[in-house]
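Student: File input.pdb follows (PDB, C-alpha atoms and all ligand atoms):
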ATOM      1  CA  SER A   1     -13.107 -50.724 265.877  1.00  0.00           C
ATOM      2  CA  MET A   2     -14.259 -48.760 262.830  1.00  0.00           C
ATOM      3  CA  LEU A   3     -17.818 -49.325 263.961  1.00  0.00           C
ATOM      4  CA  THR A   4     -17.115 -47.792 267.374  1.00  0.00           C
ATOM      5  CA  ILE A   5     -15.396 -44.784 265.801  1.00  0.00           C
ATOM      6  CA  TRP A   6     -18.262 -44.272 263.382  1.00  0.00           C
ATOM      7  CA  HIS A   7     -20.886 -44.689 266.074  1.00  0.00           C
ATOM      8  CA  SER A   8     -19.242 -42.298 268.547  1.00  0.00           C
ATOM      9  CA  ASN A   9     -19.307 -39.597 265.896  1.00  0.00           C
ATOM     10  CA  MET A  10     -23.004 -40.030 265.257  1.00  0.00           C
ATOM     11  CA  GLU A  11     -25.370 -37.741 267.033  1.00  0.00           C
ATOM     12  CA  VAL A  12     -27.671 -40.075 268.913  1.00  0.00           C
ATOM     13  CA  GLU A  13     -31.245 -38.916 269.416  1.00  0.00           C
ATOM     14  CA  GLN A  14     -32.328 -38.060 272.943  1.00  0.00           C
ATOM     15  CA  SER A  15     -35.701 -37.295 274.502  1.00  0.00           C
ATOM     16  CA  TYR A  16     -36.471 -35.419 277.696  1.00  0.00           C
ATOM     17  CA  ILE A  17     -38.990 -37.459 279.658  1.00  0.00           C
ATOM     18  CA  MET A  18     -40.406 -36.100 282.905  1.00  0.00           C
ATOM     19  CA  ILE A  19     -42.691 -37.707 285.466  1.00  0.00           C
ATOM     20  CA  LYS A  20     -44.952 -34.867 286.593  1.00  0.00           C
ATOM     21  CA  PRO A  21     -45.836 -34.172 290.264  1.00  0.00           C
ATOM     22  CA  ASP A  22     -49.019 -36.297 290.088  1.00  0.00           C
ATOM     23  CA  GLY A  23     -47.006 -39.294 288.868  1.00  0.00           C
ATOM     24  CA  VAL A  24     -44.595 -38.880 291.791  1.00  0.00           C
ATOM     25  CA  GLN A  25     -47.404 -38.377 294.355  1.00  0.00           C
ATOM     26  CA  ARG A  26     -49.340 -41.376 293.036  1.00  0.00           C
ATOM     27  CA  GLY A  27     -46.359 -43.707 293.358  1.00  0.00           C
ATOM     28  CA  LEU A  28     -46.011 -44.291 289.612  1.00  0.00           C
ATOM     29  CA  VAL A  29     -42.282 -43.497 289.315  1.00  0.00           C
ATOM     30  CA  GLY A  30     -41.120 -47.121 289.082  1.00  0.00           C
ATOM     31  CA  GLU A  31     -43.951 -48.085 286.727  1.00  0.00           C
ATOM     32  CA  ILE A  32     -43.250 -45.217 284.317  1.00  0.00           C
ATOM     33  CA  ILE A  33     -39.453 -45.635 284.278  1.00  0.00           C
ATOM     34  CA  SER A  34     -40.027 -49.330 283.710  1.00  0.00           C
ATOM     35  CA  ARG A  35     -41.920 -48.722 280.446  1.00  0.00           C
ATOM     36  CA  PHE A  36     -38.887 -46.987 278.907  1.00  0.00           C
ATOM     37  CA  GLU A  37     -36.380 -49.437 280.421  1.00  0.00           C
ATOM     38  CA  LYS A  38     -38.247 -52.462 279.109  1.00  0.00           C
ATOM     39  CA  LYS A  39     -38.636 -50.944 275.656  1.00  0.00           C
ATOM     40  CA  GLY A  40     -34.858 -50.836 275.363  1.00  0.00           C
ATOM     41  CA  PHE A  41     -33.879 -47.181 275.399  1.00  0.00           C
ATOM     42  CA  LEU A  42     -30.745 -46.065 277.233  1.00  0.00           C
ATOM     43  CA  LEU A  43     -31.081 -43.969 280.403  1.00  0.00           C
ATOM     44  CA  LYS A  44     -28.517 -41.132 280.308  1.00  0.00           C
ATOM     45  CA  GLY A  45     -29.779 -38.912 283.128  1.00  0.00           C
ATOM     46  CA  LEU A  46     -32.172 -39.195 286.086  1.00  0.00           C
ATOM     47  CA  LYS A  47     -33.040 -36.998 289.067  1.00  0.00           C
ATOM     48  CA  LEU A  48     -35.856 -36.086 291.468  1.00  0.00           C
ATOM     49  CA  PHE A  49     -36.186 -32.327 291.284  1.00  0.00           C
ATOM     50  CA  GLN A  50     -38.350 -29.463 292.564  1.00  0.00           C
ATOM     51  CA  CYS A  51     -38.439 -26.938 289.737  1.00  0.00           C
ATOM     52  CA  SER A  52     -38.901 -23.187 289.891  1.00  0.00           C
ATOM     53  CA  LYS A  53     -41.714 -21.252 288.207  1.00  0.00           C
ATOM     54  CA  ASP A  54     -39.119 -19.703 285.867  1.00  0.00           C
ATOM     55  CA  LEU A  55     -37.914 -23.095 284.676  1.00  0.00           C
ATOM     56  CA  ALA A  56     -41.463 -24.399 284.189  1.00  0.00           C
ATOM     57  CA  GLN A  57     -42.373 -21.277 282.205  1.00  0.00           C
ATOM     58  CA  GLU A  58     -39.274 -21.624 280.025  1.00  0.00           C
ATOM     59  CA  HIS A  59     -39.988 -25.312 279.411  1.00  0.00           C
ATOM     60  CA  TYR A  60     -43.578 -24.602 278.339  1.00  0.00           C
ATOM     61  CA  LYS A  61     -42.908 -21.205 276.696  1.00  0.00           C
ATOM     62  CA  ASP A  62     -44.691 -22.237 273.447  1.00  0.00           C
ATOM     63  CA  LEU A  63     -47.930 -22.502 275.475  1.00  0.00           C
ATOM     64  CA  LYS A  64     -47.625 -19.150 277.292  1.00  0.00           C
ATOM     65  CA  ASP A  65     -50.685 -17.663 275.552  1.00  0.00           C
ATOM     66  CA  LYS A  66     -52.984 -20.614 276.326  1.00  0.00           C
ATOM     67  CA  PRO A  67     -55.720 -20.060 278.931  1.00  0.00           C
ATOM     68  CA  PHE A  68     -54.497 -23.060 280.933  1.00  0.00           C
ATOM     69  CA  PHE A  69     -50.858 -21.793 281.129  1.00  0.00           C
ATOM     70  CA  PRO A  70     -51.036 -20.461 284.742  1.00  0.00           C
ATOM     71  CA  THR A  71     -52.618 -23.682 286.046  1.00  0.00           C
ATOM     72  CA  LEU A  72     -50.087 -25.729 284.043  1.00  0.00           C
ATOM     73  CA  ILE A  73     -47.208 -23.883 285.747  1.00  0.00           C
ATOM     74  CA  GLU A  74     -48.867 -24.343 289.151  1.00  0.00           C
ATOM     75  CA  TYR A  75     -49.284 -28.070 288.451  1.00  0.00           C
ATOM     76  CA  ILE A  76     -45.692 -28.642 287.288  1.00  0.00           C
ATOM     77  CA  THR A  77     -44.244 -26.746 290.282  1.00  0.00           C
ATOM     78  CA  SER A  78     -46.650 -28.299 292.844  1.00  0.00           C
ATOM     79  CA  GLY A  79     -44.148 -30.982 293.918  1.00  0.00           C
ATOM     80  CA  PRO A  80     -41.042 -32.827 292.788  1.00  0.00           C
ATOM     81  CA  VAL A  81     -40.781 -34.180 289.265  1.00  0.00           C
ATOM     82  CA  VAL A  82     -38.527 -36.931 287.918  1.00  0.00           C
ATOM     83  CA  CYS A  83     -36.292 -35.653 285.116  1.00  0.00           C
ATOM     84  CA  MET A  84     -34.914 -38.154 282.633  1.00  0.00           C
ATOM     85  CA  ALA A  85     -32.822 -38.183 279.482  1.00  0.00           C
ATOM     86  CA  TRP A  86     -33.410 -41.270 277.326  1.00  0.00           C
ATOM     87  CA  GLU A  87     -31.366 -42.112 274.255  1.00  0.00           C
ATOM     88  CA  GLY A  88     -31.771 -44.245 271.151  1.00  0.00           C
ATOM     89  CA  ASP A  89     -32.608 -44.146 267.465  1.00  0.00           C
ATOM     90  CA  GLY A  90     -36.174 -42.873 267.107  1.00  0.00           C
ATOM     91  CA  VAL A  91     -36.572 -42.348 270.867  1.00  0.00           C
ATOM     92  CA  VAL A  92     -38.523 -39.081 270.527  1.00  0.00           C
ATOM     93  CA  ALA A  93     -41.398 -40.414 268.407  1.00  0.00           C
ATOM     94  CA  SER A  94     -41.375 -43.799 270.121  1.00  0.00           C
ATOM     95  CA  ALA A  95     -41.591 -42.218 273.593  1.00  0.00           C
ATOM     96  CA  ARG A  96     -44.573 -40.128 272.429  1.00  0.00           C
ATOM     97  CA  LYS A  97     -46.276 -43.385 271.409  1.00  0.00           C
ATOM     98  CA  LEU A  98     -45.458 -45.050 274.725  1.00  0.00           C
ATOM     99  CA  ILE A  99     -46.833 -41.979 276.533  1.00  0.00           C
ATOM    100  CA  GLY A 100     -50.062 -41.709 274.509  1.00  0.00           C
ATOM    101  CA  ALA A 101     -52.388 -38.823 273.615  1.00  0.00           C
ATOM    102  CA  THR A 102     -52.352 -35.590 275.643  1.00  0.00           C
ATOM    103  CA  ASN A 103     -55.897 -36.271 276.870  1.00  0.00           C
ATOM    104  CA  PRO A 104     -55.683 -39.534 278.848  1.00  0.00           C
ATOM    105  CA  LEU A 105     -59.293 -40.372 277.997  1.00  0.00           C
ATOM    106  CA  GLN A 106     -58.252 -40.467 274.338  1.00  0.00           C
ATOM    107  CA  ALA A 107     -54.951 -42.252 274.983  1.00  0.00           C
ATOM    108  CA  GLU A 108     -54.909 -45.895 273.873  1.00  0.00           C
ATOM    109  CA  PRO A 109     -54.839 -48.647 276.487  1.00  0.00           C
ATOM    110  CA  GLY A 110     -51.268 -49.873 276.779  1.00  0.00           C
ATOM    111  CA  THR A 111     -49.896 -46.330 276.780  1.00  0.00           C
ATOM    112  CA  ILE A 112     -48.784 -44.674 280.023  1.00  0.00           C
ATOM    113  CA  ARG A 113     -51.540 -42.043 279.959  1.00  0.00           C
ATOM    114  CA  GLY A 114     -54.096 -44.557 278.622  1.00  0.00           C
ATOM    115  CA  ASP A 115     -53.389 -46.926 281.511  1.00  0.00           C
ATOM    116  CA  LEU A 116     -52.629 -44.548 284.376  1.00  0.00           C
ATOM    117  CA  ALA A 117     -54.455 -41.199 284.011  1.00  0.00           C
ATOM    118  CA  VAL A 118     -57.880 -39.646 283.339  1.00  0.00           C
ATOM    119  CA  GLN A 119     -57.405 -35.892 282.813  1.00  0.00           C
ATOM    120  CA  THR A 120     -55.298 -33.654 280.526  1.00  0.00           C
ATOM    121  CA  GLY A 121     -54.427 -31.445 283.501  1.00  0.00           C
ATOM    122  CA  ARG A 122     -53.062 -34.500 285.395  1.00  0.00           C
ATOM    123  CA  ASN A 123     -51.517 -36.577 282.643  1.00  0.00           C
ATOM    124  CA  VAL A 124     -48.531 -37.858 284.669  1.00  0.00           C
ATOM    125  CA  VAL A 125     -45.720 -37.591 282.148  1.00  0.00           C
ATOM    126  CA  HIS A 126     -44.012 -35.330 279.598  1.00  0.00           C
ATOM    127  CA  GLY A 127     -42.113 -36.312 276.456  1.00  0.00           C
ATOM    128  CA  SER A 128     -40.285 -34.072 273.961  1.00  0.00           C
ATOM    129  CA  ASP A 129     -42.131 -33.560 270.664  1.00  0.00           C
ATOM    130  CA  SER A 130     -39.078 -33.334 268.351  1.00  0.00           C
ATOM    131  CA  PRO A 131     -35.357 -34.219 268.472  1.00  0.00           C
ATOM    132  CA  ASP A 132     -34.539 -30.484 268.573  1.00  0.00           C
ATOM    133  CA  ASN A 133     -36.819 -29.982 271.557  1.00  0.00           C
ATOM    134  CA  GLY A 134     -35.280 -33.098 273.129  1.00  0.00           C
ATOM    135  CA  LYS A 135     -31.903 -31.354 273.013  1.00  0.00           C
ATOM    136  CA  ARG A 136     -33.323 -28.026 274.169  1.00  0.00           C
ATOM    137  CA  GLU A 137     -35.205 -29.546 277.115  1.00  0.00           C
ATOM    138  CA  ILE A 138     -32.317 -31.777 278.290  1.00  0.00           C
ATOM    139  CA  ALA A 139     -30.035 -28.713 278.248  1.00  0.00           C
ATOM    140  CA  LEU A 140     -32.681 -26.808 280.215  1.00  0.00           C
ATOM    141  CA  TRP A 141     -33.306 -29.413 282.945  1.00  0.00           C
ATOM    142  CA  PHE A 142     -29.837 -30.949 283.362  1.00  0.00           C
ATOM    143  CA  LYS A 143     -26.574 -29.281 284.299  1.00  0.00           C
ATOM    144  CA  GLU A 144     -23.196 -30.076 282.776  1.00  0.00           C
ATOM    145  CA  GLY A 145     -21.977 -33.370 284.248  1.00  0.00           C
ATOM    146  CA  GLU A 146     -25.410 -34.679 285.253  1.00  0.00           C
ATOM    147  CA  LEU A 147     -25.669 -36.978 282.238  1.00  0.00           C
ATOM    148  CA  CYS A 148     -23.708 -40.237 282.258  1.00  0.00           C
ATOM    149  CA  GLN A 149     -21.741 -41.613 279.339  1.00  0.00           C
ATOM    150  CA  TRP A 150     -22.088 -45.369 279.550  1.00  0.00           C
ATOM    151  CA  GLU A 151     -22.846 -48.389 277.454  1.00  0.00           C
ATOM    152  CA  SER A 152     -25.426 -50.989 278.341  1.00  0.00           C
ATOM    153  CA  VAL A 153     -24.534 -54.691 278.065  1.00  0.00           C
ATOM    154  CA  GLN A 154     -27.995 -55.105 276.516  1.00  0.00           C
ATOM    155  CA  THR A 155     -27.207 -52.991 273.438  1.00  0.00           C
ATOM    156  CA  PRO A 156     -25.921 -55.876 271.233  1.00  0.00           C
ATOM    157  CA  TRP A 157     -29.121 -57.776 272.131  1.00  0.00           C
ATOM    158  CA  LEU A 158     -31.319 -54.807 271.170  1.00  0.00           C
ATOM    159  CA  VAL A 159     -29.726 -53.572 267.946  1.00  0.00           C
ATOM    160  CA  GLU A 160     -28.032 -55.715 265.289  1.00  0.00           C
TER
HETATM  161  P1  LIG B 201     -48.184 -32.973 275.384  1.00  0.00           P
HETATM  162  O1  LIG B 201     -47.052 -32.681 274.436  1.00  0.00           O
HETATM  163  O2  LIG B 201     -48.957 -34.216 275.014  1.00  0.00           O
HETATM  164  O3  LIG B 201     -47.756 -33.012 276.835  1.00  0.00           O
HETATM  165  O4  LIG B 201     -49.259 -31.795 275.224  1.00  0.00           O
HETATM  166  P2  LIG B 201     -49.048 -30.203 274.947  1.00  0.00           P
HETATM  167  O5  LIG B 201     -47.641 -29.899 274.557  1.00  0.00           O
HETATM  168  O6  LIG B 201     -50.136 -29.794 274.014  1.00  0.00           O
HETATM  169  O7  LIG B 201     -49.367 -29.563 276.360  1.00  0.00           O
HETATM  170  C1  LIG B 201     -48.418 -29.613 277.389  1.00  0.00           C
HETATM  171  C2  LIG B 201     -49.121 -29.945 278.681  1.00  0.00           C
HETATM  172  O8  LIG B 201     -50.021 -28.895 279.007  1.00  0.00           O
HETATM  173  C3  LIG B 201     -50.011 -31.206 278.645  1.00  0.00           C
HETATM  174  O9  LIG B 201     -49.304 -32.408 278.804  1.00  0.00           O
HETATM  175  C4  LIG B 201     -50.955 -30.925 279.793  1.00  0.00           C
HETATM  176  O10 LIG B 201     -50.317 -31.189 281.048  1.00  0.00           O
HETATM  177  C5  LIG B 201     -51.160 -29.422 279.671  1.00  0.00           C
HETATM  178  N1  LIG B 201     -52.353 -29.117 278.876  1.00  0.00           N
HETATM  179  C6  LIG B 201     -52.486 -29.144 277.522  1.00  0.00           C
HETATM  180  N2  LIG B 201     -53.739 -28.804 277.141  1.00  0.00           N
HETATM  181  C7  LIG B 201     -54.411 -28.543 278.294  1.00  0.00           C
HETATM  182  C8  LIG B 201     -55.749 -28.143 278.591  1.00  0.00           C
HETATM  183  O11 LIG B 201     -56.577 -27.961 277.702  1.00  0.00           O
HETATM  184  N3  LIG B 201     -56.062 -27.972 279.907  1.00  0.00           N
HETATM  185  C9  LIG B 201     -55.157 -28.161 280.909  1.00  0.00           C
HETATM  186  N4  LIG B 201     -55.532 -27.992 282.176  1.00  0.00           N
HETATM  187  N5  LIG B 201     -53.892 -28.548 280.677  1.00  0.00           N
HETATM  188  C10 LIG B 201     -53.526 -28.740 279.385  1.00  0.00           C
HETATM  189 MG    MG B 202     -45.893 -30.952 274.170  1.00  0.00          MG
END
What's the structure tokens form of this structure?
Ligand code: GDP
Ligand code: MG
Tutor:
Amino acid sequence: SMLTIWHSNMEVEQSYIMIKPDGVQRGLVGEIISRFEKKGFLLKGLKLFQCSKDLAQEHYKDLKDKPFFPTLIEYITSGPVVCMAWEGDGVVASARKLIGATNPLQAEPGTIRGDLAVQTGRNVVHGSDSPDNGKREIALWFKEGELCQWESVQTPWLVE
């Protein structure tokens, strides 16, 4: 249909969401994925992954001059993470709201960090801060062919 043709030409917003090693170790993988699933975003990529120091440093390159950078890299590489690509209109800003403030003590109840974490240095989850960074980070963490093109049967019940 015209609608399908129009929609397939649109660039749909994507966010890179990552469950950090503490989230994996604490058994929060299902809980965290569930928040995004229930909200109604579309899962386009998912893997458990042990990342290298190089990749962690590239991902967080904007923070390389911060005093906490070395401990941040140690934390992110300390065990497997869960890498995800989520898609939908407004997904980047909405995911940031679902995740909550960087410092879990300041994160609102009902957010992932507000409900499940206590310290900035162990704040269980990452979410891209802009659509451009969403693209950059998904390209960084996923290889060609690791994302799935699919349509959810829920879509007509989520968007009019
Ligand atoms: P985010 O976008 O909410 O994740 O926050 P930032 O982009 O500012 O920082 C990236 C990540 O670095 C955070 O999620 C924390 O894991 C870590 N981080 C930021 N600030 C601090 C800090 O002051 N101390 C420590 N230990 N880690 C920090
Ligand atoms: Mg950030």
Student: CA of Glu144 (chain A) to CA of Cys83 (chain A): how many Å, to one decimal?
Tutor: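 It comes out at 14.4 Å.
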Student: Provide the CA of Cys51 (chain A) to CA of Cys148 (chain A) distance in Å, to one decimal place.
Tutor: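 That distance, rounded to one decimal, is 21.2 Å.
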Student: Please evaluate the PyMOL selection byres (((chain A and resi 43) around 7) and not hetatm) against the displayed coordinates and give the resulting residues as number ranges by chain.
Tutor: A: 41-42, 44-45, 85-87
Student: Is there a way to get, as number ranges by chain, all residues within 10 Å of the point (-36.6, -31.8, 279.4) in file coordinates, counting only C-alpha atoms?
Tutor: A: 14-18, 59, 83-85, 126-128, 133-142
Student: For CA of Gly79 (chain A) and CA of Leu28 (chain A), determine how far apart the two atoms are, in Å to one decimal place.
Tutor: 14.1 Å
Student: Could you expand the PyMOL selection byres (((chain A and resi 112-124) around 12) and not hetatm) into the explicit residues it covers here, written as number ranges by chain?
Tutor: A: 17-29, 31-36, 68-76, 78, 81-82, 95-111, 125-127
Student: Check the smallest atom-to-atom distance from each of A:Ser130, A:Thr155, A:Thr77, A:Gln149 to Ser52 (chain A) using all atoms listed in the file, then report the winner.
Tutor: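 Using all atoms listed in the file, Ser52 (chain A) sits closest to A:Thr77.
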Student: Would you list the contacts of Val159 (chain A) as a ChimeraX atom specification, taking every protein, DNA or RNA residue within 10 Å and counting only C-alpha atoms, but skipping same-chain residues closer than 4 positions in sequence?
Tutor: /A:40,89,154-155
Student: Please determine, counting all atoms listed in the file, which residue among A:Glu11, A:Asp54, A:Asp62, A:Glu146 has the shortest atom-to-atom distance to Asp129 (chain A).
Tutor: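 The answer is A:Asp62, which sits nearest to Asp129 (chain A).
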